[in-house]
Amino acid sequence: MLTVRDLTAHYGPVRALDGVSFTAPRGQVTAVLGANGAGKTTLLRTISGLVRPSRGTALLDERDLGRVPVEDMAGIGLAHVPEGRGVITQLTVEENLRLGALARPGRVTATNLDRAYALFPVLGDRRAKPAHVLSGGERQMLVIARALLAEPAVLLLDEPSLGLAPRVVVQIFDLVRDLVETEGLTVVLVEQNARSALSIADRGVVLHLGRLVVQDAAAELATDDTLRHAYLGF
Ligand code: ATP
């Protein structure tokens, strides 16, 4: 379980995150929703140690993540897939995948590469191709598959739907849901596409101007008209 307590973060004088507390239960998808600038990306960056909190903590089970160096996060089971699908286009699909296990030496085995290809058959078909031939949706699959090679317990996923066609978004979200069901992964999914995110999430957290507005079961949030109109844009 991931627990966020009173997390507060600044960029210089700008308070981007203001006393946010919530829990992301093990083996569930928790969607983090809110408009542009709500603080969603900052929340993930603060949990994974890329931004130093000015107050508060994030805990992975009992472990205080504030005391874990960024380079050790993957080693303790926390994976962060940032926005932007950072694949190395000159490398092959398989070479990109292998990079994912650098944080956990010895973890790249034929078995877990095969597992990645079983989860994402399109990557298996293209394993020897340079990553620049991949579509946006395939690149998103590659960065998720790469993160999974380090065998995380918790996956922080930032805006995987950005710029993808609706059909591809459904495909990616279905894959995330499958991972949670079959692997028991804990996912924190940041999304502007609130409707799609809630359709696969167990729980949702809504941020506005850095503050937590509400956290509840996804089904409750999806049917709360006032909340949807005010914060979720659908
Ligand atoms: P988006 O969906 O647009 O990425 P978000 O909900 O992820 O929005 P953040 O990117 O976390 O929001 O931004 C929260 C606030 O912090 C915004 O006011 C933003 O302008 C500010 N901010 C974000 N990154 C920086 C930065 N590197 N330097 C200064 N201010 C920043």
# chains A, B, ... in the order shown; residues from 1 in each chain; ligands from 1
$ residues_around --residues "segment 215-230 of chain A" --least-positions-apart "5" --cutoff "8 Å" --atoms "only C-alpha atoms" --output "list in words"
Phe22, Ala31, Arg195, Leu198, Ser199, Ala201, Asp202, Arg203, Gly204, Val205 and Val206 of chain A
$ select_by_dssp --residues "segment 45-181 of chain A" --states "helix (DSSP H, G or I)" --output "PyMOL selection string"
chain A and resi 45-47+65-67+70-72+74-76+93-99+110-119+121-125+131-133+136-148+166-181
$ atom_distance --atom1 "atom CA of Ala197 of chain A" --atom2 "atom CA of Val29 of chain A"
9.1 Å
$ residues_near_ligand --ligand "ligand 1" --cutoff "9 Å" --atoms "only C-alpha atoms and all ligand atoms" --output "PyMOL selection string"
chain A and resi 9-17+32-45+83+158-159+190-192+207-210
$ residues_around --residues "Pro130 of chain A" --least-positions-apart "5" --cutoff "12 Å" --atoms "only C-alpha atoms" --output "ChimeraX atom specification"
/A:87-97,123,135,139,142
$ write_last_selection --atoms "N, CA, C and O atoms" --output "PDB file, in the first residue's frame"
ATOM      1  N   VAL A  87      11.258   6.825 -24.961  1.00  0.00           N
ATOM      2  CA  VAL A  87      11.985   5.657 -25.475  1.00  0.00           C
ATOM      3  C   VAL A  87      13.208   6.159 -26.232  1.00  0.00           C
ATOM      4  O   VAL A  87      13.238   7.286 -26.693  1.00  0.00           O
ATOM      5  N   ILE A  88      14.228   5.324 -26.311  1.00  0.00           N
ATOM      6  CA  ILE A  88      15.419   5.704 -27.075  1.00  0.00           C
ATOM      7  C   ILE A  88      15.215   5.162 -28.479  1.00  0.00           C
ATOM      8  O   ILE A  88      15.256   3.949 -28.705  1.00  0.00           O
ATOM      9  N   THR A  89      14.933   6.091 -29.394  1.00  0.00           N
ATOM     10  CA  THR A  89      14.423   5.675 -30.705  1.00  0.00           C
ATOM     11  C   THR A  89      15.461   4.932 -31.540  1.00  0.00           C
ATOM     12  O   THR A  89      15.101   4.155 -32.411  1.00  0.00           O
ATOM     13  N   GLN A  90      16.754   5.178 -31.269  1.00  0.00           N
ATOM     14  CA  GLN A  90      17.790   4.493 -32.070  1.00  0.00           C
ATOM     15  C   GLN A  90      17.999   3.055 -31.609  1.00  0.00           C
ATOM     16  O   GLN A  90      18.575   2.252 -32.342  1.00  0.00           O
ATOM     17  N   LEU A  91      17.569   2.753 -30.396  1.00  0.00           N
ATOM     18  CA  LEU A  91      17.731   1.378 -29.897  1.00  0.00           C
ATOM     19  C   LEU A  91      16.538   0.521 -30.320  1.00  0.00           C
ATOM     20  O   LEU A  91      15.454   1.051 -30.591  1.00  0.00           O
ATOM     21  N   THR A  92      16.748  -0.773 -30.327  1.00  0.00           N
ATOM     22  CA  THR A  92      15.630  -1.654 -30.662  1.00  0.00           C
ATOM     23  C   THR A  92      14.649  -1.704 -29.491  1.00  0.00           C
ATOM     24  O   THR A  92      14.970  -1.297 -28.371  1.00  0.00           O
ATOM     25  N   VAL A  93      13.483  -2.256 -29.806  1.00  0.00           N
ATOM     26  CA  VAL A  93      12.464  -2.437 -28.770  1.00  0.00           C
ATOM     27  C   VAL A  93      13.046  -3.248 -27.612  1.00  0.00           C
ATOM     28  O   VAL A  93      12.919  -2.890 -26.439  1.00  0.00           O
ATOM     29  N   GLU A  94      13.744  -4.341 -27.940  1.00  0.00           N
ATOM     30  CA  GLU A  94      14.275  -5.192 -26.860  1.00  0.00           C
ATOM     31  C   GLU A  94      15.367  -4.480 -26.066  1.00  0.00           C
ATOM     32  O   GLU A  94      15.443  -4.616 -24.837  1.00  0.00           O
ATOM     33  N   GLU A  95      16.203  -3.712 -26.756  1.00  0.00           N
ATOM     34  CA  GLU A  95      17.250  -2.965 -26.022  1.00  0.00           C
ATOM     35  C   GLU A  95      16.604  -1.957 -25.066  1.00  0.00           C
ATOM     36  O   GLU A  95      17.046  -1.779 -23.931  1.00  0.00           O
ATOM     37  N   ASN A  96      15.545  -1.298 -25.526  1.00  0.00           N
ATOM     38  CA  ASN A  96      14.825  -0.383 -24.636  1.00  0.00           C
ATOM     39  C   ASN A  96      14.274  -1.124 -23.424  1.00  0.00           C
ATOM     40  O   ASN A  96      14.369  -0.650 -22.299  1.00  0.00           O
ATOM     41  N   LEU A  97      13.723  -2.293 -23.671  1.00  0.00           N
ATOM     42  CA  LEU A  97      13.173  -3.084 -22.570  1.00  0.00           C
ATOM     43  C   LEU A  97      14.245  -3.463 -21.559  1.00  0.00           C
ATOM     44  O   LEU A  97      14.050  -3.363 -20.351  1.00  0.00           O
ATOM     45  N   LEU A 123       4.914  -5.795 -28.993  1.00  0.00           N
ATOM     46  CA  LEU A 123       6.336  -5.522 -28.737  1.00  0.00           C
ATOM     47  C   LEU A 123       7.178  -6.745 -29.106  1.00  0.00           C
ATOM     48  O   LEU A 123       8.309  -6.609 -29.588  1.00  0.00           O
ATOM     49  N   SER A 135       4.301   3.204 -33.039  1.00  0.00           N
ATOM     50  CA  SER A 135       3.281   4.258 -32.930  1.00  0.00           C
ATOM     51  C   SER A 135       3.275   4.803 -31.502  1.00  0.00           C
ATOM     52  O   SER A 135       3.923   4.230 -30.605  1.00  0.00           O
ATOM     53  N   ARG A 139       4.597   2.934 -28.177  1.00  0.00           N
ATOM     54  CA  ARG A 139       5.644   3.523 -27.305  1.00  0.00           C
ATOM     55  C   ARG A 139       5.168   3.562 -25.863  1.00  0.00           C
ATOM     56  O   ARG A 139       5.928   3.323 -24.936  1.00  0.00           O
ATOM     57  N   LEU A 142       5.601   0.235 -24.552  1.00  0.00           N
ATOM     58  CA  LEU A 142       7.023  -0.045 -24.308  1.00  0.00           C
ATOM     59  C   LEU A 142       7.486   0.565 -22.985  1.00  0.00           C
ATOM     60  O   LEU A 142       8.196  -0.091 -22.214  1.00  0.00           O
TER      61      LEU A 142
END
$ residues_around --residues "Gly27 of chain A" --least-positions-apart "6" --cutoff "8 Å" --atoms "only C-alpha atoms" --output "list in words"
Val180, Glu181, Gly184, Leu185, Thr186 and Val187 of chain A
$ write_last_selection --atoms "N, CA and C atoms" --output "PDB file, in the first residue's frame"
ATOM      1  N   VAL A 180      -3.200  -5.283 -13.065  1.00  0.00           N
ATOM      2  CA  VAL A 180      -3.623  -5.227 -11.675  1.00  0.00           C
ATOM      3  C   VAL A 180      -4.305  -6.536 -11.279  1.00  0.00           C
ATOM      4  N   GLU A 181      -5.136  -7.026 -12.174  1.00  0.00           N
ATOM      5  CA  GLU A 181      -5.865  -8.273 -11.883  1.00  0.00           C
ATOM      6  C   GLU A 181      -4.926  -9.477 -11.808  1.00  0.00           C
ATOM      7  N   GLY A 184      -1.356  -8.364  -9.443  1.00  0.00           N
ATOM      8  CA  GLY A 184      -1.528  -7.758  -8.123  1.00  0.00           C
ATOM      9  C   GLY A 184      -0.799  -6.441  -7.954  1.00  0.00           C
ATOM     10  N   LEU A 185      -0.510  -5.806  -9.085  1.00  0.00           N
ATOM     11  CA  LEU A 185       0.213  -4.533  -9.062  1.00  0.00           C
ATOM     12  C   LEU A 185      -0.649  -3.432  -8.425  1.00  0.00           C
ATOM     13  N   THR A 186       0.000  -2.488  -7.762  1.00  0.00           N
ATOM     14  CA  THR A 186      -0.683  -1.304  -7.244  1.00  0.00           C
ATOM     15  C   THR A 186      -0.374  -0.162  -8.208  1.00  0.00           C
ATOM     16  N   VAL A 187      -1.409   0.487  -8.738  1.00  0.00           N
ATOM     17  CA  VAL A 187      -1.190   1.523  -9.754  1.00  0.00           C
ATOM     18  C   VAL A 187      -1.748   2.859  -9.275  1.00  0.00           C
TER      19      VAL A 187
END
$ atom_distance --atom1 "atom CA of His80 of chain A" --atom2 "atom CA of Val154 of chain A"
8.5 Å
$ closest_residue --among "A:Asp61, A:Asp125, A:Glu151, A:Asp114" --to "Leu102 of chain A" --atoms "only C-alpha atoms"
A:Glu151
$ closest_residue --among "A:Thr46, A:Thr111, A:Asn193, A:Ser21" --to "Val214 of chain A" --atoms "only C-alpha atoms"
A:Ser21
$ residues_around --residues "segment 54-59 of chain A" --least-positions-apart "3" --cutoff "9 Å" --atoms "only C-alpha atoms" --output "PyMOL selection string"
chain A and resi 1-10+18-21+46-48+62-66
$ write_last_selection --atoms "N, CA, C and O atoms" --output "PDB file, in the first residue's frame"
ATOM      1  N   MET A   1       0.845  -1.204   0.000  1.00  0.00           N
ATOM      2  CA  MET A   1       0.000   0.000   0.000  1.00  0.00           C
ATOM      3  C   MET A   1       0.877   1.249   0.000  1.00  0.00           C
ATOM      4  O   MET A   1       1.910   1.299   0.656  1.00  0.00           O
ATOM      5  N   LEU A   2       0.425   2.237  -0.761  1.00  0.00           N
ATOM      6  CA  LEU A   2       1.128   3.522  -0.788  1.00  0.00           C
ATOM      7  C   LEU A   2       0.305   4.522   0.018  1.00  0.00           C
ATOM      8  O   LEU A   2      -0.895   4.671  -0.216  1.00  0.00           O
ATOM      9  N   THR A   3       0.967   5.161   0.959  1.00  0.00           N
ATOM     10  CA  THR A   3       0.276   6.141   1.805  1.00  0.00           C
ATOM     11  C   THR A   3       0.926   7.497   1.621  1.00  0.00           C
ATOM     12  O   THR A   3       2.148   7.620   1.738  1.00  0.00           O
ATOM     13  N   VAL A   4       0.115   8.486   1.316  1.00  0.00           N
ATOM     14  CA  VAL A   4       0.608   9.854   1.150  1.00  0.00           C
ATOM     15  C   VAL A   4       0.030  10.666   2.301  1.00  0.00           C
ATOM     16  O   VAL A   4      -1.179  10.647   2.534  1.00  0.00           O
ATOM     17  N   ARG A   5       0.929  11.341   3.046  1.00  0.00           N
ATOM     18  CA  ARG A   5       0.482  12.072   4.237  1.00  0.00           C
ATOM     19  C   ARG A   5       0.927  13.516   4.187  1.00  0.00           C
ATOM     20  O   ARG A   5       2.130  13.780   4.210  1.00  0.00           O
ATOM     21  N   ASP A   6      -0.027  14.407   4.047  1.00  0.00           N
ATOM     22  CA  ASP A   6       0.224  15.840   4.178  1.00  0.00           C
ATOM     23  C   ASP A   6       1.300  16.325   3.201  1.00  0.00           C
ATOM     24  O   ASP A   6       2.084  17.221   3.520  1.00  0.00           O
ATOM     25  N   LEU A   7       1.347  15.719   2.034  1.00  0.00           N
ATOM     26  CA  LEU A   7       2.440  16.019   1.105  1.00  0.00           C
ATOM     27  C   LEU A   7       2.287  17.432   0.531  1.00  0.00           C
ATOM     28  O   LEU A   7       1.232  17.811   0.021  1.00  0.00           O
ATOM     29  N   THR A   8       3.373  18.183   0.634  1.00  0.00           N
ATOM     30  CA  THR A   8       3.388  19.587   0.223  1.00  0.00           C
ATOM     31  C   THR A   8       4.679  19.811  -0.538  1.00  0.00           C
ATOM     32  O   THR A   8       5.731  19.323  -0.130  1.00  0.00           O
ATOM     33  N   ALA A   9       4.572  20.502  -1.695  1.00  0.00           N
ATOM     34  CA  ALA A   9       5.781  20.744  -2.486  1.00  0.00           C
ATOM     35  C   ALA A   9       5.705  22.110  -3.140  1.00  0.00           C
ATOM     36  O   ALA A   9       4.620  22.576  -3.517  1.00  0.00           O
ATOM     37  N   HIS A  10       6.861  22.736  -3.278  1.00  0.00           N
ATOM     38  CA  HIS A  10       6.962  24.068  -3.880  1.00  0.00           C
ATOM     39  C   HIS A  10       7.931  24.028  -5.058  1.00  0.00           C
ATOM     40  O   HIS A  10       8.894  23.261  -5.059  1.00  0.00           O
ATOM     41  N   ASP A  18      -0.351  20.894  -1.793  1.00  0.00           N
ATOM     42  CA  ASP A  18      -0.638  21.549  -0.517  1.00  0.00           C
ATOM     43  C   ASP A  18      -1.344  20.588   0.446  1.00  0.00           C
ATOM     44  O   ASP A  18      -2.568  20.438   0.395  1.00  0.00           O
ATOM     45  N   GLY A  19      -0.573  19.887   1.250  1.00  0.00           N
ATOM     46  CA  GLY A  19      -1.155  19.056   2.306  1.00  0.00           C
ATOM     47  C   GLY A  19      -2.011  17.903   1.808  1.00  0.00           C
ATOM     48  O   GLY A  19      -3.076  17.632   2.354  1.00  0.00           O
ATOM     49  N   VAL A  20      -1.528  17.198   0.794  1.00  0.00           N
ATOM     50  CA  VAL A  20      -2.324  16.106   0.195  1.00  0.00           C
ATOM     51  C   VAL A  20      -2.109  14.798   0.961  1.00  0.00           C
ATOM     52  O   VAL A  20      -0.969  14.392   1.199  1.00  0.00           O
ATOM     53  N   SER A  21      -3.207  14.163   1.338  1.00  0.00           N
ATOM     54  CA  SER A  21      -3.158  12.863   2.026  1.00  0.00           C
ATOM     55  C   SER A  21      -4.150  11.902   1.369  1.00  0.00           C
ATOM     56  O   SER A  21      -5.301  12.280   1.130  1.00  0.00           O
ATOM     57  N   THR A  46       6.908  13.958  -6.526  1.00  0.00           N
ATOM     58  CA  THR A  46       7.264  14.072  -5.107  1.00  0.00           C
ATOM     59  C   THR A  46       7.296  12.686  -4.463  1.00  0.00           C
ATOM     60  O   THR A  46       8.201  12.376  -3.678  1.00  0.00           O
ATOM     61  N   ILE A  47       6.335  11.840  -4.824  1.00  0.00           N
ATOM     62  CA  ILE A  47       6.341  10.466  -4.283  1.00  0.00           C
ATOM     63  C   ILE A  47       7.638   9.755  -4.675  1.00  0.00           C
ATOM     64  O   ILE A  47       8.275   9.100  -3.857  1.00  0.00           O
ATOM     65  N   SER A  48       8.052   9.925  -5.934  1.00  0.00           N
ATOM     66  CA  SER A  48       9.211   9.143  -6.398  1.00  0.00           C
ATOM     67  C   SER A  48      10.539   9.855  -6.160  1.00  0.00           C
ATOM     68  O   SER A  48      11.576   9.382  -6.612  1.00  0.00           O
ATOM     69  N   GLU A  62       5.603   0.338   5.079  1.00  0.00           N
ATOM     70  CA  GLU A  62       6.050   1.117   6.247  1.00  0.00           C
ATOM     71  C   GLU A  62       7.237   2.020   5.934  1.00  0.00           C
ATOM     72  O   GLU A  62       7.679   2.776   6.772  1.00  0.00           O
ATOM     73  N   ARG A  63       7.757   1.904   4.712  1.00  0.00           N
ATOM     74  CA  ARG A  63       9.011   2.586   4.413  1.00  0.00           C
ATOM     75  C   ARG A  63       8.799   4.037   3.976  1.00  0.00           C
ATOM     76  O   ARG A  63       7.998   4.308   3.079  1.00  0.00           O
ATOM     77  N   ASP A  64       9.508   4.943   4.626  1.00  0.00           N
ATOM     78  CA  ASP A  64       9.415   6.367   4.309  1.00  0.00           C
ATOM     79  C   ASP A  64      10.216   6.643   3.035  1.00  0.00           C
ATOM     80  O   ASP A  64      11.448   6.576   3.024  1.00  0.00           O
ATOM     81  N   LEU A  65       9.514   6.957   1.951  1.00  0.00           N
ATOM     82  CA  LEU A  65      10.190   7.148   0.668  1.00  0.00           C
ATOM     83  C   LEU A  65      11.075   8.389   0.673  1.00  0.00           C
ATOM     84  O   LEU A  65      11.985   8.514  -0.139  1.00  0.00           O
ATOM     85  N   GLY A  66      10.801   9.306   1.575  1.00  0.00           N
ATOM     86  CA  GLY A  66      11.630  10.511   1.693  1.00  0.00           C
ATOM     87  C   GLY A  66      13.070  10.194   2.085  1.00  0.00           C
ATOM     88  O   GLY A  66      13.958  11.009   1.909  1.00  0.00           O
TER      89      GLY A  66
END
$ select_by_dssp --residues "segment 75-145 of chain A" --states "strand (DSSP E or B)" --output "list of chain:residue names"
A:Leu78, A:Ala79, A:His80, A:Val81, A:Thr92, A:Pro130
$ atom_distance --atom1 "atom CA of Ala147 of chain A" --atom2 "atom CA of Leu134 of chain A"
17.4 Å
$ closest_residue --among "A:Leu119, A:Leu157, A:Leu149, A:Ser196" --to "Val170 of chain A" --atoms "only C-alpha atoms"
A:Ser196
